[in-house]
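Heads up, structure-v3.txt below (compact mmCIF, C-alpha atoms):
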```txt
# COMPACT_ATOMS: atom_id res chain seq x y z
CA ARG A 245 -0.85 -4.97 -57.19
CA ARG A 246 2.14 -2.90 -56.10
CA SER A 247 3.10 -2.25 -59.72
CA ARG A 248 -0.43 -1.35 -60.82
CA ALA A 249 -0.90 0.97 -57.85
CA ALA A 250 2.46 2.66 -58.47
CA GLN A 251 1.28 3.49 -61.99
CA ALA A 252 -2.30 4.35 -60.91
CA MET A 253 -3.55 1.46 -63.07
CA GLY A 254 -1.19 2.48 -65.88
CA HIS A 255 -3.20 5.60 -66.68
CA VAL A 256 -1.98 7.74 -69.55
CA GLU A 257 -4.04 10.86 -70.29
CA PRO A 258 -4.99 10.47 -73.98
CA ALA A 259 -4.98 14.14 -74.98
CA THR A 260 -1.43 14.91 -73.81
CA GLY A 261 0.20 11.64 -72.84
CA ALA A 262 0.52 12.80 -69.22
CA LEU A 263 1.31 10.04 -66.72
CA VAL A 264 -0.52 11.87 -63.93
CA PRO A 265 -4.34 11.91 -64.24
CA PRO A 266 -6.02 15.31 -64.57
CA VAL A 267 -8.30 16.83 -61.94
CA HIS A 268 -11.87 17.06 -63.25
CA LEU A 269 -13.27 20.07 -61.41
CA THR A 270 -16.52 20.39 -63.34
CA SER A 271 -19.84 20.43 -61.50
CA THR A 272 -21.97 19.60 -64.56
CA TYR A 273 -21.78 17.94 -67.97
CA GLU A 274 -23.11 18.68 -71.47
CA ARG A 275 -25.97 16.70 -72.93
CA ALA A 276 -25.81 15.45 -76.50
CA ALA A 277 -28.14 16.91 -79.14
CA ASP A 278 -30.53 13.99 -78.61
CA ASN A 279 -30.80 15.00 -74.89
CA SER A 280 -28.76 11.99 -73.68
CA TYR A 281 -25.49 11.73 -71.75
CA PRO A 282 -23.41 9.43 -73.96
CA ARG A 283 -20.22 9.97 -71.90
CA GLY A 284 -21.89 8.59 -68.78
CA TYR A 285 -21.70 11.71 -66.60
CA VAL A 286 -24.68 13.85 -65.60
CA TYR A 287 -23.79 15.97 -62.57
CA GLY A 288 -20.93 16.36 -60.11
CA ARG A 289 -22.73 15.44 -56.90
CA PRO A 290 -23.10 11.70 -57.63
CA ASP A 291 -20.13 11.19 -59.94
CA ASN A 292 -16.75 12.53 -61.05
CA ALA A 293 -14.06 11.19 -63.37
CA THR A 294 -11.19 11.76 -60.93
CA ALA A 295 -13.13 9.98 -58.19
CA ARG A 296 -13.65 7.07 -60.59
CA GLU A 297 -9.88 6.85 -61.13
CA ALA A 298 -9.26 6.63 -57.39
CA GLU A 299 -12.01 4.01 -57.07
CA ALA A 300 -10.45 1.87 -59.80
CA VAL A 301 -7.10 1.80 -57.98
CA LEU A 302 -8.73 0.92 -54.66
CA ALA A 303 -10.98 -1.79 -56.11
CA MET A 304 -7.89 -3.36 -57.69
CA LEU A 305 -5.96 -3.25 -54.40
CA GLU A 306 -8.80 -4.91 -52.46
CA GLY A 307 -9.74 -7.37 -55.20
CA GLY A 308 -13.29 -6.00 -55.20
CA ALA A 309 -15.98 -5.63 -57.82
CA ALA A 310 -16.26 -1.85 -57.35
CA ALA A 311 -15.33 0.96 -54.97
CA MET A 312 -16.80 4.29 -53.88
CA VAL A 313 -14.92 7.21 -52.37
CA PHE A 314 -16.48 9.56 -49.83
CA GLY A 315 -15.75 12.90 -48.20
CA SER A 316 -14.62 11.21 -44.96
CA GLY A 317 -14.29 7.85 -43.30
CA MET A 318 -17.35 8.60 -41.19
CA SER A 319 -19.43 9.40 -44.28
CA ALA A 320 -18.38 6.09 -45.85
CA ALA A 321 -19.18 4.09 -42.72
CA THR A 322 -22.49 5.78 -41.93
CA SER A 323 -23.63 5.31 -45.54
CA VAL A 324 -23.50 1.55 -45.06
CA PHE A 325 -25.74 1.73 -41.99
CA GLN A 326 -28.06 4.29 -43.61
CA ALA A 327 -28.62 1.87 -46.48
CA LEU A 328 -30.22 -0.57 -44.03
CA GLU A 329 -33.89 -0.51 -43.15
CA PRO A 330 -34.69 1.73 -40.15
CA GLY A 331 -34.43 -0.16 -36.89
CA ALA A 332 -32.46 -3.04 -38.39
CA HIS A 333 -30.37 -5.15 -36.02
CA VAL A 334 -26.61 -4.92 -36.37
CA VAL A 335 -23.64 -6.26 -34.41
CA ALA A 336 -20.55 -4.10 -33.88
CA PRO A 337 -17.36 -4.28 -31.79
CA THR A 338 -17.15 -2.99 -28.26
CA VAL A 339 -13.72 -1.56 -29.13
CA MET A 340 -13.83 0.36 -32.39
CA TYR A 341 -13.39 3.86 -33.82
CA TRP A 342 -14.98 5.97 -31.12
CA ALA A 343 -16.87 8.48 -33.30
CA LEU A 344 -18.60 5.70 -35.24
CA ARG A 345 -19.38 3.80 -32.05
CA HIS A 346 -21.00 6.93 -30.57
CA TRP A 347 -23.01 7.53 -33.77
CA LEU A 348 -24.26 3.94 -33.82
CA ALA A 349 -25.28 4.06 -30.18
CA GLN A 350 -26.83 7.52 -30.13
CA GLU A 351 -27.88 8.60 -33.61
CA SER A 352 -28.21 5.74 -36.08
CA GLY A 353 -31.76 4.62 -35.25
CA LEU A 354 -30.60 1.01 -35.50
CA ALA A 355 -30.78 -1.81 -32.97
CA VAL A 356 -27.09 -2.25 -32.15
CA ASP A 357 -25.44 -4.90 -30.00
CA PHE A 358 -21.81 -4.15 -29.12
CA VAL A 359 -19.80 -7.30 -28.45
CA ASP A 360 -16.21 -8.48 -28.23
CA THR A 361 -15.87 -9.50 -31.87
CA SER A 362 -12.42 -10.97 -31.17
CA ASP A 363 -14.35 -13.76 -29.37
CA PRO A 364 -16.08 -15.84 -32.09
CA ASP A 365 -18.45 -17.37 -29.56
CA ALA A 366 -19.57 -13.93 -28.33
CA LEU A 367 -20.11 -12.82 -31.90
CA ARG A 368 -22.20 -15.87 -32.78
CA ALA A 369 -24.27 -15.46 -29.61
CA ALA A 370 -25.13 -11.86 -30.56
CA LEU A 371 -26.52 -12.82 -33.97
CA ARG A 372 -30.27 -13.05 -34.45
CA PRO A 373 -30.85 -15.35 -37.45
CA GLY A 374 -33.18 -13.69 -39.94
CA ALA A 375 -33.15 -10.40 -38.03
CA THR A 376 -29.47 -9.36 -37.98
CA LYS A 377 -28.74 -7.53 -41.21
CA LEU A 378 -25.12 -6.48 -40.79
CA VAL A 379 -22.06 -7.44 -38.77
CA TRP A 380 -19.38 -4.75 -38.54
CA LEU A 381 -15.79 -5.65 -37.68
CA GLU A 382 -12.78 -3.45 -37.11
CA THR A 383 -9.53 -5.37 -37.13
CA PRO A 384 -7.05 -4.56 -35.71
CA SER A 385 -9.36 -2.44 -33.54
CA ASN A 386 -8.58 1.09 -32.41
CA PRO A 387 -6.92 1.67 -29.91
CA LEU A 388 -6.37 -1.75 -28.25
CA TRP A 389 -5.48 -3.48 -31.55
CA THR A 390 -7.53 -6.58 -30.86
CA VAL A 391 -7.83 -8.93 -33.82
CA SER A 392 -11.09 -10.46 -35.09
CA ASP A 393 -11.31 -13.55 -37.28
CA ILE A 394 -12.76 -12.27 -40.56
CA ALA A 395 -13.36 -15.70 -42.11
CA ALA A 396 -15.15 -17.02 -39.02
CA ALA A 397 -17.24 -13.85 -38.74
CA ALA A 398 -18.20 -14.08 -42.41
CA GLU A 399 -19.34 -17.67 -42.00
CA ALA A 400 -21.39 -16.85 -38.91
CA ALA A 401 -22.91 -13.70 -40.40
CA HIS A 402 -23.89 -15.37 -43.64
CA ARG A 403 -25.41 -18.34 -41.81
CA ALA A 404 -27.60 -15.84 -39.92
CA GLY A 405 -28.60 -14.06 -43.14
CA ALA A 406 -26.44 -10.99 -42.48
CA LEU A 407 -23.75 -9.17 -44.41
CA LEU A 408 -20.22 -8.68 -43.09
CA ALA A 409 -18.47 -5.31 -43.38
CA VAL A 410 -14.88 -4.83 -42.21
CA ASP A 411 -13.17 -1.58 -41.27
CA SER A 412 -9.68 -2.43 -42.52
CA THR A 413 -8.20 1.05 -42.13
CA VAL A 414 -5.23 -0.11 -40.05
CA ALA A 415 -4.47 -3.32 -41.95
CA THR A 416 -4.88 -1.74 -45.41
CA PRO A 417 -5.14 -3.98 -48.50
CA ILE A 418 -1.37 -4.45 -48.33
CA LEU A 419 -1.66 -6.60 -45.18
CA THR A 420 -5.22 -7.97 -45.28
CA ARG A 421 -7.84 -8.33 -48.01
CA PRO A 422 -11.12 -8.99 -46.17
CA LEU A 423 -13.07 -9.77 -49.35
CA ASP A 424 -10.77 -12.75 -49.93
CA LEU A 425 -11.75 -13.99 -46.46
CA GLY A 426 -15.49 -13.81 -47.09
CA ALA A 427 -16.42 -10.20 -46.23
CA ASP A 428 -19.07 -8.45 -48.32
CA LEU A 429 -17.80 -4.90 -47.82
CA VAL A 430 -14.54 -3.25 -46.82
CA MET A 431 -14.38 0.25 -45.39
CA HIS A 432 -11.37 2.56 -45.09
CA SER A 433 -10.82 5.90 -43.50
CA ALA A 434 -8.77 6.87 -46.55
CA THR A 435 -7.52 9.88 -44.61
CA LYS A 436 -5.11 7.48 -42.97
CA TYR A 437 -2.83 4.99 -44.76
CA LEU A 438 -4.43 5.07 -48.21
CA ASN A 439 -3.59 8.75 -48.60
CA GLY A 440 -0.75 8.67 -46.11
CA HIS A 441 0.24 12.35 -46.10
CA SER A 442 -2.10 13.97 -43.54
CA ASP A 443 -3.50 16.37 -46.13
CA VAL A 444 -6.79 14.75 -47.21
CA ILE A 445 -10.00 13.81 -45.39
CA ALA A 446 -11.52 10.87 -47.26
CA GLY A 447 -13.33 7.56 -46.91
CA ALA A 448 -13.86 4.55 -49.12
CA LEU A 449 -15.95 1.41 -49.52
CA VAL A 450 -15.20 -1.65 -51.65
CA CYS A 451 -17.73 -4.37 -52.42
CA ALA A 452 -17.41 -8.05 -53.21
CA ARG A 453 -20.28 -7.70 -55.71
CA GLN A 454 -22.40 -4.92 -57.16
CA ASP A 455 -25.79 -5.96 -55.80
CA ALA A 456 -28.94 -4.18 -54.65
CA PHE A 457 -27.41 -3.22 -51.29
CA TRP A 458 -24.42 -1.65 -53.04
CA ALA A 459 -26.86 0.33 -55.18
CA ARG A 460 -28.61 1.57 -52.03
CA ILE A 461 -25.28 2.77 -50.62
CA ALA A 462 -24.61 4.58 -53.89
CA GLY A 463 -28.04 6.17 -53.57
CA VAL A 464 -27.21 7.42 -50.07
CA ARG A 465 -23.95 8.90 -51.31
CA ALA A 466 -25.66 10.64 -54.23
CA ALA A 467 -28.63 11.95 -52.23
CA GLN A 468 -26.50 13.32 -49.41
CA GLY A 469 -23.64 14.66 -51.53
CA LYS A 470 -21.03 12.50 -49.80
CA ILE A 471 -18.72 11.96 -52.77
CA LEU A 472 -15.06 12.88 -52.38
CA GLY A 473 -14.10 16.11 -54.12
CA PRO A 474 -12.03 15.82 -57.30
CA PHE A 475 -8.87 17.48 -55.96
CA GLU A 476 -8.94 15.26 -52.87
CA ALA A 477 -9.46 12.24 -55.14
CA PHE A 478 -6.41 13.32 -57.13
CA LEU A 479 -4.34 13.48 -53.93
CA LEU A 480 -5.68 10.09 -52.85
CA ILE A 481 -4.48 8.56 -56.12
CA ARG A 482 -1.06 10.09 -55.44
CA GLY A 483 -1.02 8.54 -51.96
CA MET A 484 -2.01 5.06 -53.09
CA ARG A 485 0.92 4.98 -55.53
CA THR A 486 3.30 4.58 -52.56
CA LEU A 487 0.95 2.66 -50.22
CA ASP A 488 2.81 -0.65 -50.42
CA LEU A 489 6.21 0.82 -49.54
CA ARG A 490 4.86 3.03 -46.76
CA VAL A 491 2.79 0.35 -45.03
CA ARG A 492 5.58 -2.21 -45.05
CA ALA A 493 8.11 0.31 -43.69
CA GLN A 494 5.69 1.53 -41.00
CA SER A 495 4.86 -2.04 -39.99
CA ALA A 496 8.55 -2.87 -39.62
CA GLY A 497 9.08 0.28 -37.57
CA ALA A 498 6.11 -0.47 -35.31
CA LEU A 499 7.33 -4.02 -34.67
CA ALA A 500 10.80 -2.75 -33.75
CA LEU A 501 9.31 -0.19 -31.36
CA ALA A 502 6.92 -2.71 -29.80
CA ARG A 503 9.81 -5.05 -29.06
CA HIS A 504 11.86 -2.16 -27.66
CA PHE A 505 9.12 -0.86 -25.38
CA ALA A 506 8.12 -4.35 -24.21
CA ALA A 507 11.37 -4.43 -22.25
CA ARG A 508 10.61 -1.25 -20.26
CA ALA A 509 9.58 -1.81 -16.65
CA ASP A 510 7.73 1.52 -16.50
CA LEU A 511 5.26 0.44 -19.19
CA ALA A 512 2.48 -1.72 -17.83
CA GLN A 513 1.63 -3.17 -21.24
CA VAL A 514 2.52 -2.88 -24.92
CA LEU A 515 -0.40 -3.62 -27.25
CA TYR A 516 0.67 -4.73 -30.72
CA PRO A 517 -0.51 -7.79 -32.71
CA GLY A 518 3.05 -8.51 -33.83
CA LEU A 519 4.16 -9.39 -30.31
CA ALA A 520 3.90 -13.05 -29.32
CA SER A 521 2.41 -11.88 -26.01
CA HIS A 522 -0.59 -10.33 -27.77
CA ALA A 523 -3.78 -12.39 -27.42
CA GLY A 524 -4.49 -12.11 -31.14
CA HIS A 525 -0.96 -12.76 -32.38
CA ALA A 526 -1.55 -16.22 -33.87
CA LEU A 527 -4.67 -15.06 -35.71
CA ALA A 528 -2.94 -11.91 -36.92
CA ALA A 529 -0.04 -13.96 -38.23
CA ARG A 530 -2.52 -15.97 -40.35
CA GLN A 531 -4.75 -13.08 -41.39
CA MET A 532 -2.20 -10.31 -41.96
CA GLN A 533 0.37 -10.99 -44.63
CA GLY A 534 3.68 -9.10 -44.63
CA GLY A 535 3.37 -7.22 -41.34
CA PHE A 536 1.17 -6.32 -38.41
CA GLY A 537 0.50 -2.66 -39.15
CA GLY A 538 1.93 0.65 -38.06
CA MET A 539 -0.19 1.17 -34.93
CA LEU A 540 0.56 0.24 -31.33
CA SER A 541 -0.41 1.44 -27.87
CA VAL A 542 1.47 1.53 -24.60
CA ARG A 543 0.01 1.62 -21.12
CA VAL A 544 2.11 3.77 -18.80
CA ALA A 545 2.73 2.64 -15.24
CA GLY A 546 1.60 5.51 -13.05
CA GLY A 547 -1.74 6.11 -14.71
CA ALA A 548 -3.22 8.92 -16.76
CA ALA A 549 -1.16 11.73 -15.21
CA ARG A 550 2.15 10.14 -16.13
CA ALA A 551 0.92 9.13 -19.58
CA ILE A 552 -0.11 12.71 -20.33
CA ALA A 553 3.16 14.00 -18.89
CA ALA A 554 5.16 11.65 -21.10
CA ALA A 555 3.30 12.86 -24.20
CA ALA A 556 4.07 16.42 -23.15
CA HIS A 557 7.84 15.74 -23.20
CA VAL A 558 8.21 14.21 -26.68
CA ARG A 559 10.20 16.17 -29.24
CA LEU A 560 10.10 14.03 -32.40
CA TRP A 561 6.66 12.43 -32.01
CA LYS A 562 3.83 14.89 -32.72
CA ARG A 563 0.93 15.20 -30.27
CA ALA A 564 -2.01 14.91 -32.65
CA THR A 565 -5.11 12.90 -33.48
CA SER A 566 -5.04 10.66 -36.57
CA LEU A 567 -2.84 7.89 -37.88
CA GLY A 568 -1.24 6.49 -41.00
CA GLY A 569 0.75 9.55 -42.08
CA VAL A 570 4.46 9.75 -42.78
CA GLU A 571 5.03 11.56 -39.47
CA SER A 572 4.73 9.72 -36.14
CA LEU A 573 1.90 10.74 -33.81
CA ILE A 574 1.28 10.21 -30.12
CA GLU A 575 -2.02 10.71 -28.34
CA HIS A 576 -3.54 10.20 -24.91
CA ARG A 577 -6.59 8.52 -26.39
CA ALA A 578 -8.95 8.59 -23.39
CA SER A 579 -8.82 12.40 -23.44
CA ILE A 580 -10.38 12.29 -26.91
CA GLU A 581 -12.96 9.58 -26.30
CA GLY A 582 -14.33 10.78 -22.97
CA PRO A 583 -15.65 9.07 -19.83
CA ASP A 584 -17.71 6.39 -21.60
CA SER A 585 -14.74 5.10 -23.57
CA PRO A 586 -13.49 1.52 -23.08
CA CYS A 587 -9.98 2.92 -23.57
CA PRO A 588 -7.80 2.73 -20.41
CA ASP A 589 -6.82 6.16 -19.12
CA ASP A 590 -3.12 5.21 -18.93
CA LEU A 591 -2.93 4.44 -22.68
CA LEU A 592 -0.89 6.32 -25.26
CA ARG A 593 -1.73 5.53 -28.90
CA LEU A 594 1.24 5.58 -31.26
CA SER A 595 1.07 5.93 -35.04
CA VAL A 596 4.47 5.05 -36.46
CA GLY A 597 5.56 7.09 -39.46
CA LEU A 598 8.64 6.88 -41.64
CA GLU A 599 11.22 8.32 -39.24
CA SER A 600 14.04 6.17 -37.92
CA PRO A 601 12.64 3.73 -35.32
CA ASP A 602 15.80 4.26 -33.27
CA ASP A 603 15.15 8.01 -33.15
CA LEU A 604 11.53 7.45 -32.19
CA ALA A 605 12.51 5.02 -29.43
CA ARG A 606 15.08 7.41 -27.96
CA ASP A 607 12.58 10.26 -28.01
CA LEU A 608 9.84 8.38 -26.15
CA ASP A 609 12.36 6.82 -23.77
CA ALA A 610 13.50 10.32 -22.80
CA ALA A 611 9.91 11.52 -22.47
CA LEU A 612 9.02 8.63 -20.16
CA ALA A 613 12.10 9.32 -18.05
CA ALA A 614 11.21 13.02 -17.81
CA ALA A 615 7.68 12.12 -16.69
CA ARG A 616 8.81 10.08 -13.68
CA PRO A 617 7.32 11.44 -10.44
```

I'd like the structure from this file rewritten - as structure tokens, please.
Amino acid sequence: RRSRAAQAMGHVEPATGALVPPVHLTSTYERAADNSYPRGYVYGRPDNATAREAEAVLAMLEGGAAAMVFGSGMSAATSVFQALEPGAHVVAPTVMYWALRHWLAQESGLAVDFVDTSDPDALRAALRPGATKLVWLETPSNPLWTVSDIAAAAEAAHRAGALLAVDSTVATPILTRPLDLGADLVMHSATKYLNGHSDVIAGALVCARQDAFWARIAGVRAAQGKILGPFEAFLLIRGMRTLDLRVRAQSAGALALARHFAARADLAQVLYPGLASHAGHALAARQMQGGFGGMLSVRVAGGAARAIAAAAHVRLWKRATSLGGVESLIEHRASIEGPDSPCPDDLLRLSVGLESPDDLARDLDAALAAARP
């Protein structure tokens, strides 16, 4: 997989021999004289050749039957729910990407039960056999990095007659392949690790099989114009070429930082699945191969005021929303999510980039010291 991704599936542009795929900017396509479309393209809103190239790389990485790219992670995720019948029952995590959680609760028109999906018994209890149509997991979950058992959730969902979709943005296909564990769909905010350079907003879905539900999702994307633009698809291909190297380096850096910060008395808690103290560590060690991801959170003794003050004093970390880029980011997450968030107000979310872990540790150590009352 690493070799095929590095070569973007070995693409060679036939007209020139170029090793980098072209950007197909066209909005429309010529019909043949018999009024058909023999090349398979009709219009730019539902389809694009550069998008197809990105989809081929992603489907290969996830081991899926097909992939679709979207204009954002939110557009990819909401398309799955919009492909369900109105009012359908779904189960989703209590701790998950906040914008999607808000949309599900307030705007989706679905019957949603939010549960602790890291507890298999709680997940099974929330299922309504014959009525539940979709179970949504996010693992590790943002920003507490709880871990849910994908194989157990797939078994329970399928027994109840539901599909299982997994937001695997943080794990990426380098560390976890949910389809291999029984999931029906995988979702990525491709803005994050898949692209990896903080210069593209994108989303993606990968399916285990191209069935009627997959066709309905494709219909939602086409009708609502949610496809990723060709230039962004080109940049996404570029990002996925180095995905394996970046994710493994960021995972190693995050583990080193988690171990470093775990020894600090002024941090109330370090949340990272790679630590033996993490409640989901044993499951993560089975489910995530080659690392535990580049995301961790720290809870600062002294509460929200000291956490915000520490973030204000960093020099190398960048105070910004997002994750998965080559630069390291720090964020007081509760400030973003608002008063209804399950996120503790003393929590700082850390996205580890490609800088030296020693430099990152020294920078946050100094910031925490400067924030002492």

Can you pull out the residues contacting region 541-545 of chain A? Cut-off 9 Å, using all atoms listed in the file, and skip same-chain residues under 5 positions away; I want them as a list in words.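 So, after excluding close chain neighbours, the residues are Pro387, Leu388, Trp389, Ala502, Phe505, Ala506, Ala509, Asp510, Leu511, Ala512, Gln513, Val514, Leu515, Tyr516, Arg550, Ala551, Ala554, Pro588, Asp589, Asp590, Leu591, Leu592, Arg593, Leu594, Ser595 and Leu612 of chain A.
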
Write out the residues from the selection above, keeping C-alpha atoms, as a tab-separated table (two decimals), in the coordinates of the input.
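Just written: selection-v6.tsv:
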```
chain	number	residue	atom	x	y	z
A	387	PRO	CA	-6.92	1.67	-29.91
A	388	LEU	CA	-6.37	-1.75	-28.25
A	389	TRP	CA	-5.48	-3.48	-31.55
A	502	ALA	CA	6.92	-2.71	-29.80
A	505	PHE	CA	9.12	-0.86	-25.38
A	506	ALA	CA	8.12	-4.35	-24.21
A	509	ALA	CA	9.58	-1.81	-16.65
A	510	ASP	CA	7.73	1.52	-16.50
A	511	LEU	CA	5.26	0.44	-19.19
A	512	ALA	CA	2.48	-1.72	-17.83
A	513	GLN	CA	1.63	-3.17	-21.24
A	514	VAL	CA	2.52	-2.88	-24.92
A	515	LEU	CA	-0.40	-3.62	-27.25
A	516	TYR	CA	0.67	-4.73	-30.72
A	550	ARG	CA	2.15	10.14	-16.13
A	551	ALA	CA	0.92	9.13	-19.58
A	554	ALA	CA	5.16	11.65	-21.10
A	588	PRO	CA	-7.80	2.73	-20.41
A	589	ASP	CA	-6.82	6.16	-19.12
A	590	ASP	CA	-3.12	5.21	-18.93
A	591	LEU	CA	-2.93	4.44	-22.68
A	592	LEU	CA	-0.89	6.32	-25.26
A	593	ARG	CA	-1.73	5.53	-28.90
A	594	LEU	CA	1.24	5.58	-31.26
A	595	SER	CA	1.07	5.93	-35.04
A	612	LEU	CA	9.02	8.63	-20.16
```

Please return the centre and edge lengths, in Å to one decimal, of a box with edges along x, y and z that contains all listed atoms of region 582-585 of chain A, widened by 6 Å on every side, as lines of an AutoDock Vina configuration file.
```
center_x = -16.0
center_y = 7.9
center_z = -21.7
size_x = 15.4
size_y = 17.7
size_z = 15.7
```

Can you write out as JSON lines which residues of region 289-376 of chain A fall within 12 Å of region 452-456 of chain A, alongside each residue's closest atom pair and its distance in Å to one decimal, counting all atoms listed in the file and ordering rows by chain and ascending residue number?
```
{"residue": "A:Ala303", "atom": "CA", "partner": "A:Ala452", "partner_atom": "CA", "distance": 9.4}
{"residue": "A:Met304", "atom": "CA", "partner": "A:Ala452", "partner_atom": "CA", "distance": 11.5}
{"residue": "A:Glu306", "atom": "CA", "partner": "A:Ala452", "partner_atom": "CA", "distance": 9.2}
{"residue": "A:Gly307", "atom": "CA", "partner": "A:Ala452", "partner_atom": "CA", "distance": 8.0}
{"residue": "A:Gly308", "atom": "CA", "partner": "A:Ala452", "partner_atom": "CA", "distance": 5.0}
{"residue": "A:Ala309", "atom": "CA", "partner": "A:Arg453", "partner_atom": "CA", "distance": 5.2}
{"residue": "A:Ala310", "atom": "CA", "partner": "A:Gln454", "partner_atom": "CA", "distance": 6.9}
{"residue": "A:Ala311", "atom": "CA", "partner": "A:Ala452", "partner_atom": "CA", "distance": 9.4}
{"residue": "A:Met312", "atom": "CA", "partner": "A:Gln454", "partner_atom": "CA", "distance": 11.3}
{"residue": "A:Ala327", "atom": "CA", "partner": "A:Ala456", "partner_atom": "CA", "distance": 10.2}
{"residue": "A:Leu328", "atom": "CA", "partner": "A:Ala456", "partner_atom": "CA", "distance": 11.3}
```

How close does region 323-372 of chain A get to region 413-432 of chain A? List, as JSON lines, each residue of region 323-372 of chain A within 12 Å, its nearest atom pair and the distance in Å to one decimal, counting all atoms listed in the file.
```
{"residue": "A:Ser323", "atom": "CA", "partner": "A:Met431", "partner_atom": "CA", "distance": 10.5}
{"residue": "A:Val324", "atom": "CA", "partner": "A:Leu429", "partner_atom": "CA", "distance": 9.0}
{"residue": "A:Phe325", "atom": "CA", "partner": "A:Leu429", "partner_atom": "CA", "distance": 11.9}
{"residue": "A:Met340", "atom": "CA", "partner": "A:Thr413", "partner_atom": "CA", "distance": 11.3}
{"residue": "A:Tyr341", "atom": "CA", "partner": "A:Thr413", "partner_atom": "CA", "distance": 10.2}
```

Neighbour list for Ile445 (chain A) as an NGL selection string, cut-off 9 Å, all atoms listed in the file, skip fewer than 6 positions in-chain: :A and (314-317 or 433-436 or 439 or 472 or 476)

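Taking CA of Ser566 (chain A) and CA of Gly547 (chain A) as endpoints, the distance between them is 22.6 Å.
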